[in-house]
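Taking it in order: structure first as structure tokens, then the write-up.
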Amino acid sequence: MITPSLPQLTPEDARALQGRLRAEVGPGLSEKELDAVEARFGFTFAADHRVFLGAGLPRGGGWPDWRDGDPEELAERLRRPVEGVLFGVERNGFWHPAWAPKPSGAAEALRVARAELATVPQLVPVYSHRYLPGTAGEWGHPVLSVHQTDIIFYGNDLADYVRHEFTGGASSLMPRATVDFWSYFVNGGPGIDVTAPTPFTPYAVTAQEAVECLRMLAVERLIGRRHFPEQLIEAGLTALVLDVESESLPLLAGLTRAEHQQAGALFDRVLDELGLVEGLPVDDTDVPWEAARWELVRWWLLLIVRGSLDPGAGGDLITYDGWASLARPQVLRPLFDAVEAYNDWAAVRSGAREELASAIVREAERLLAGTWPGGQSSVERV
């Protein structure tokens with residue numbers, strides 16, 4: 001599978017990406033070594049994954065060492081996505097809609113699920129809990145972040161993922177699902193697709209908050225985030241009810257479902273009439289849309305504290321479009337750690353997620369109560 005909108009990764013491109021990693025990069029795996037890894041562990045690398053590993057082998061931290069790593073540890077990482085789904089079947093009642101009817105007995109349900117999972121494409125670890133479908137000869141699969149059945153997009157393809165996770169840049173292309181089974185989780189199953197519109201509930205009770213919401217939706221668009229037409233219309237209706245004055249606001253708020261395609265243009269007119277366009281951040285630093293991202297991190301933290309954005313979803317969003325894209329600012333490290341703890345497999349297994357979600361909220365409150373670092377070039381990096 002070759003996706004026309006995503007160029008094939010070349011060895012030169014891969015080496016350029018690896019040159020910006022905060023990791024030691026050893027000699028790349030030869031074709032013979034790559035074949036031997038596939039034969040030993042019983043999977044195949046996708047075509048771009050082979051090119052990446054052939055250009056150089058990142059080592060340390062969360063990078064799998066396919067040359068000298070512990071075979072048992074590598075095998076366990078390969079098993080982890082399937083084991084996570086089986087855990088969901090056993091403990092959380094998960095059942096994929098494409099499977100045969102769920103048996104009433106737990107043991108039989110696990111047996112059937114295991115048999116079904118034996119037929120799905122293998123997920124191969126790229127870094128930490130980020131995975132690529134292991135489909136021989138195919139290019140352009142999105143990278144997935146996998147925590148049991150909490151599975152989200154983390155890059156349009158391998159190159160886009162590396163740029164986003166480690167260099168603070170990402171493509172504006174819309175990710176698309178490529179593997180039916182795993183795509184279920186990011187297209188309607190549990191978990192959050194961080195590239196989808198921000199899943200917040202309306203919160204404005206004053207005209208000032210309504211205008212704030214309109215402005216922040218505009219800031220989201222600056223960094224390439226998209227919105228459902230319903231979100232723009234609802235934001236307009238809220239502002240109208242709270243007596244925000246704009247000639248085009250009643251038109252935006254009154255759009256019918258058949259007129260949803262007009263929402264974007266009317267939203268732009270409302271922004272202009274309210275004088276919000278002139279005050280939007282500009283892209284004038286080495287980090288893409290740095291000031292805009294800091295504003296959004298603060299807004300998303302506010303949404304979490306207000307209860308308008310689920311802590312886990314908001315944490316994933318801030319990790320994706322804040323922490324990673326802002327080159328891992330030290331001030332956000334405690335929040336990042338809280339999100340990682342929330343997504344940790346052991347925490348999910350132990351049923352500790354509710355308390356860990358509260359930890360994300362507490363850290364959001366702490367950040368908002370302190371001196372806000374957004375936009376300062378002196379923010380310490382890690």
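Chain labels follow the order of the structure tokens: the first chain is A, the next B, and so on; residue numbering restarts at 1 in every chain, and ligands are counted from 1 in their shown order.
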
I'd like the contact shell of region 64-76 of chain A - 8 Å cut-off, only C-alpha atoms, skipping same-chain residues fewer than 2 positions apart - returned as a list in words. Leu29, Glu33, Val37, Phe41, Leu57, Pro58, Arg59, Gly60, Gly62, Leu78, Arg79, Arg80, Pro125, Val126, Tyr127 and Ser128 of chain A

Do a neighbour search on region 93-100 of chain A at 12 Å with only C-alpha atoms, toss out local chain neighbours closer than 5 positions, and write the hits as an MDAnalysis selection string. chainID A and resid 84:88 105:106 108:117 119:120 148:150 180:185 188:190

Determine which residues of region 287-377 of chain A receive a DSSP assignment of alpha helix (DSSP H), computed from the backbone, and state them as an NGL selection string. :A and (290-306 or 311-318 or 333-343 or 345-350 or 353-369)

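Candidate residues A:Leu332, A:Ala364, A:Leu34, A:Leu237 were compared for distance to Val51 (chain A), and the nearest is A:Leu34, using only C-alpha atoms.
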
Neighbours of Leu274 (chain A) within 9 Å (only C-alpha atoms; same-chain residues fewer than 5 positions away dropped), as a PyMOL selection string? chain A and resi 211+244-246+269

Let's have the selection written as a CSV table (one decimal), in the first residue's frame, with C-alpha atoms.
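Generated file (selection05.csv):
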```csv
chain,number,residue,atom,x,y,z
A,211,VAL,CA,-15.6,35.0,23.0
A,244,VAL,CA,-22.2,38.7,22.1
A,245,GLU,CA,-22.8,41.1,19.3
A,246,SER,CA,-21.8,40.2,15.7
A,269,ARG,CA,-16.7,36.3,9.5
```
